[in-house]
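Chemist: Sharing structure.cif below, mmCIF, C-alpha atoms and all ligand atoms:
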data_target
#
loop_
_atom_site.group_PDB
_atom_site.id
_atom_site.type_symbol
_atom_site.label_atom_id
_atom_site.label_comp_id
_atom_site.auth_asym_id
_atom_site.auth_seq_id
_atom_site.Cartn_x
_atom_site.Cartn_y
_atom_site.Cartn_z
ATOM 1 C CA MET H 468 -23.327 -15.239 -22.456
ATOM 2 C CA LYS H 469 -20.099 -13.529 -23.492
ATOM 3 C CA MET H 470 -18.318 -11.434 -20.883
ATOM 4 C CA GLU H 471 -17.280 -7.956 -21.917
ATOM 5 C CA GLU H 472 -13.576 -7.406 -22.187
ATOM 6 C CA SER H 473 -12.270 -5.773 -19.024
ATOM 7 C CA LYS H 474 -10.985 -2.234 -19.293
ATOM 8 C CA VAL H 475 -8.836 -2.799 -16.208
ATOM 9 C CA ARG H 476 -5.227 -3.653 -16.888
ATOM 10 C CA PRO H 477 -4.253 -7.087 -15.562
ATOM 11 C CA TYR H 478 -2.488 -5.859 -12.445
ATOM 12 C CA ARG H 479 -1.135 -8.599 -10.242
ATOM 13 C CA GLN H 480 -1.181 -6.452 -7.114
ATOM 14 C CA HIS H 481 -3.065 -3.384 -5.955
ATOM 15 C CA ILE H 482 -1.714 -1.094 -3.251
ATOM 16 C CA PHE H 483 -3.924 1.236 -1.255
ATOM 17 C CA LEU H 484 -2.032 3.959 0.582
ATOM 18 C CA CYS H 485 -3.866 6.138 3.062
ATOM 19 C CA VAL H 486 -3.395 9.839 2.384
ATOM 20 C CA ASP H 487 -6.073 11.042 4.776
ATOM 21 C CA SER H 488 -5.367 13.592 7.492
ATOM 22 C CA CYS H 489 -3.199 11.709 10.014
ATOM 23 C CA CYS H 490 -1.231 9.712 7.481
ATOM 24 C CA ARG H 491 -0.768 12.774 5.303
ATOM 25 C CA GLU H 492 0.657 14.667 8.292
ATOM 26 C CA LYS H 493 3.132 11.817 8.710
ATOM 27 C CA GLY H 494 4.311 11.909 5.108
ATOM 28 C CA SER H 495 2.081 9.567 3.125
ATOM 29 C CA GLU H 496 2.081 11.787 0.021
ATOM 30 C CA GLY H 497 5.877 11.553 -0.047
ATOM 31 C CA ILE H 498 5.596 7.786 0.274
ATOM 32 C CA PHE H 499 3.099 7.730 -2.599
ATOM 33 C CA SER H 500 5.507 9.684 -4.802
ATOM 34 C CA ALA H 501 8.482 7.523 -3.828
ATOM 35 C CA LEU H 502 6.513 4.330 -4.415
ATOM 36 C CA SER H 503 5.206 5.508 -7.786
ATOM 37 C CA GLU H 504 8.741 6.392 -8.848
ATOM 38 C CA GLU H 505 10.167 3.097 -7.600
ATOM 39 C CA LEU H 506 7.510 1.128 -9.499
ATOM 40 C CA LYS H 507 8.382 3.072 -12.627
ATOM 41 C CA VAL H 508 12.139 2.554 -12.207
ATOM 42 C CA ARG H 509 11.661 -1.184 -11.606
ATOM 43 C CA GLY H 510 9.369 -1.562 -14.614
ATOM 44 C CA LEU H 511 6.438 -2.587 -12.403
ATOM 45 C CA SER H 512 3.975 0.154 -13.302
ATOM 46 C CA ASN H 513 1.938 -2.203 -15.479
ATOM 47 C CA ASP H 514 1.939 -4.963 -12.859
ATOM 48 C CA VAL H 515 1.226 -3.055 -9.665
ATOM 49 C CA MET H 516 -1.480 -0.451 -9.289
ATOM 50 C CA ILE H 517 -1.205 2.103 -6.510
ATOM 51 C CA SER H 518 -4.161 4.121 -5.294
ATOM 52 C CA ARG H 519 -4.535 6.797 -2.678
ATOM 53 C CA CYS H 520 -7.282 6.015 -0.208
ATOM 54 C CA GLY H 521 -9.079 7.593 2.714
ATOM 55 C CA CYS H 522 -8.725 6.798 6.387
ATOM 56 C CA LEU H 523 -8.296 3.116 7.221
ATOM 57 C CA ASP H 524 -9.256 3.740 10.845
ATOM 58 C CA GLN H 525 -5.765 2.985 12.128
ATOM 59 C CA CYS H 526 -4.478 6.525 12.321
ATOM 60 C CA GLU H 527 -2.118 6.149 15.268
ATOM 61 C CA SER H 528 -0.178 3.567 13.282
ATOM 62 C CA GLY H 529 0.007 5.401 9.979
ATOM 63 C CA PRO H 530 1.132 5.934 7.395
ATOM 64 C CA MET H 531 -0.811 2.801 6.540
ATOM 65 C CA LEU H 532 -0.715 0.794 3.319
ATOM 66 C CA ILE H 533 -2.483 -2.381 2.188
ATOM 67 C CA ILE H 534 -1.390 -4.721 -0.586
ATOM 68 C CA TYR H 535 -3.912 -6.983 -2.313
ATOM 69 C CA PRO H 536 -4.477 -9.766 -3.156
ATOM 70 C CA GLU H 537 -2.288 -10.674 -0.180
ATOM 71 C CA GLY H 538 -4.296 -8.521 2.199
ATOM 72 C CA THR H 539 -1.168 -7.399 3.992
ATOM 73 C CA TRP H 540 -1.338 -4.213 6.018
ATOM 74 C CA TYR H 541 1.876 -2.276 6.628
ATOM 75 C CA HIS H 542 2.199 0.532 9.154
ATOM 76 C CA ASN H 543 4.450 3.329 10.332
ATOM 77 C CA LEU H 544 5.867 3.558 6.849
ATOM 78 C CA LYS H 545 8.592 5.972 5.872
ATOM 79 C CA LYS H 546 9.928 6.912 2.465
ATOM 80 C CA GLU H 547 13.065 4.965 3.363
ATOM 81 C CA ASP H 548 10.980 1.762 3.528
ATOM 82 C CA VAL H 549 9.746 2.016 -0.062
ATOM 83 C CA ARG H 550 12.700 0.377 -1.800
ATOM 84 C CA ARG H 551 12.697 -2.563 0.620
ATOM 85 C CA LEU H 552 8.919 -2.951 0.272
ATOM 86 C CA VAL H 553 9.272 -3.151 -3.501
ATOM 87 C CA ASP H 554 12.302 -5.471 -3.364
ATOM 88 C CA GLU H 555 10.968 -7.846 -0.776
ATOM 89 C CA HIS H 556 7.184 -7.859 -0.983
ATOM 90 C CA LEU H 557 6.437 -6.925 -4.582
ATOM 91 C CA ILE H 558 9.372 -8.594 -6.325
ATOM 92 C CA LYS H 559 10.396 -11.491 -4.061
ATOM 93 C CA GLY H 560 7.057 -12.114 -2.371
ATOM 94 C CA ASN H 561 8.497 -11.816 1.134
ATOM 95 C CA ILE H 562 6.449 -10.162 3.870
ATOM 96 C CA LEU H 563 8.332 -7.561 5.919
ATOM 97 C CA PRO H 564 7.638 -8.704 9.490
ATOM 98 C CA ASP H 565 8.914 -5.527 11.129
ATOM 99 C CA LEU H 566 6.416 -3.427 9.182
ATOM 100 C CA VAL H 567 3.404 -5.761 9.099
ATOM 101 C CA TYR H 568 0.411 -4.457 10.986
ATOM 102 C CA HIS H 569 -2.167 -7.015 10.011
ATOM 103 C CA ARG H 570 -2.896 -9.756 7.514
ATOM 104 C CA VAL H 571 -6.308 -10.473 6.005
ATOM 105 C CA SER H 572 -9.075 -9.197 8.355
ATOM 106 C CA GLY H 573 -10.294 -8.664 11.857
ATOM 107 C CA ILE H 574 -8.360 -5.747 13.322
ATOM 108 C CA GLY H 575 -9.708 -3.288 15.818
ATOM 109 C CA GLY H 576 -8.622 0.255 15.551
ATOM 110 C CA SER H 577 -8.165 3.744 16.704
ATOM 111 C CA SER H 578 -9.103 6.997 15.131
ATOM 112 C CA CYS H 579 -7.322 10.275 14.727
ATOM 113 C CA ASN H 580 -10.462 12.124 15.775
HETATM 114 S S1 LIG H 601 -5.676 8.847 8.336
HETATM 115 FE FE1 LIG H 601 -4.596 7.071 7.635
HETATM 116 S S2 LIG H 601 -5.415 5.455 8.832
HETATM 117 FE FE2 LIG H 601 -6.552 7.209 9.440
#
So that I can check it, write out the structure of this file as structure tokens.

Modeler:
Amino acid sequence: MKMEESKVRPYRQHIFLCVDSCCREKGSEGIFSALSEELKVRGLSNDVMISRCGCLDQCESGPMLIIYPEGTWYHNLKKEDVRRLVDEHLIKGNILPDLVYHRVSGIGGSSCN
């Protein structure tokens, strides 16, 4: 059986950035814009997909962002962290220990409700 050709571009990484209530109040839309711009400037727009997502159930630690396939969760992000995130994680493959919240699975959480 022949597989259909995928309509999804061959991204190497996919970023999910929470823009739900708590994270939005703490600036996640600005982070989304800064990250989108940085990906464009670095020529990574075809390699890294970024998507807004709903609450990740870790509101007290937001803005929250996850990068796959690594499964790395970053927290308390600020626009000022975007360039370093792109340089270190996306380009060099280095995790940013001071911003890591979780890796892979199994976290408990809090809610903004
Ligand atoms: S609103 Fe972002 S983790 Fe809950």

Chemist: Expand the PyMOL selection byres (((chain H and resi 483) around 10) and not hetatm) into the explicit residue set it covers here, and present it as a list in words.

Modeler: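 Expected selection for the PyMOL selection byres (((chain H and resi 483) around 10) and not hetatm) here is His481, Ile482, Leu484, Cys485, Val486, Phe499, Met516, Ile517, Ser518, Arg519, Cys520, Gly521, Leu523, Met531, Leu532, Ile533, Ile534, Tyr535 and Trp540 of chain H.
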
Chemist: Taking all atoms listed in the file and a cut-off of 8 Å, can you tell me which residues surround ligand LIG 601 (chain H), written as JSON, numbers by chain?

Modeler: {"H": [485, 486, 487, 488, 489, 490, 491, 521, 522, 523, 524, 525, 526, 527, 528, 529, 530, 531, 578, 579]}

Chemist: Please write the residues picked by the PyMOL selection byres (((chain H and resi 550) around 12) and not hetatm) on this file as a PyMOL selection string.

Modeler: chain H and resi 498+501-509+544-549+551-558+563

Chemist: Please indicate the distance in Å from CA of Glu471 in chain H to CA of Ser512 in chain H, rounded to one decimal place.

Modeler: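 For CA of Glu471 in chain H relative to CA of Ser512 in chain H, the distance reads 24.3 Å.
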
Chemist: To one decimal in Å, tell me the separation between CA of Lys469 in chain H and CA of Pro536 in chain H.

Modeler: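 Pair CA of Lys469 in chain H / CA of Pro536 in chain H returns 25.9 Å.
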
Chemist: Report, in Å to a single decimal, how far apart CA of Asp565 in chain H and CA of Lys493 in chain H are.

Modeler: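 Computed distance, CA of Lys493 in chain H to CA of Asp565 in chain H, equals 18.4 Å.
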
Chemist: What are the centre and the three edge lengths of an axis-aligned box that wraps all atoms of range 475-487 of chain H in the file, given that 3 Å is added to every side, written as JSON and rounded to one decimal in Å?

Modeler:
{"center_x": -5.0, "center_y": 1.2, "center_z": -6.1, "size_x": 13.7, "size_y": 25.6, "size_z": 27.7}

Chemist: For Asn513 in chain H, please output as a PyMOL selection string all residues within 8 Å (counting all atoms listed in the file; exclusion window: fewer than 4 positions along the same chain).

Modeler: chain H and resi 476-478

Chemist: Within 10 Å of (-3.5, -13.5, 4.7), only C-alpha atoms: residues as a short mmCIF file (atom, residue, chain, number, x, y, z; two decimals) with C-alpha atoms, in the frame of the given file?

Modeler:
data_model
loop_
_atom_site.label_atom_id
_atom_site.label_comp_id
_atom_site.auth_asym_id
_atom_site.auth_seq_id
_atom_site.Cartn_x
_atom_site.Cartn_y
_atom_site.Cartn_z
CA TYR H 535 -3.91 -6.98 -2.31
CA PRO H 536 -4.48 -9.77 -3.16
CA GLU H 537 -2.29 -10.67 -0.18
CA GLY H 538 -4.30 -8.52 2.20
CA THR H 539 -1.17 -7.40 3.99
CA TRP H 540 -1.34 -4.21 6.02
CA HIS H 569 -2.17 -7.02 10.01
CA ARG H 570 -2.90 -9.76 7.51
CA VAL H 571 -6.31 -10.47 6.00
CA SER H 572 -9.07 -9.20 8.36
#
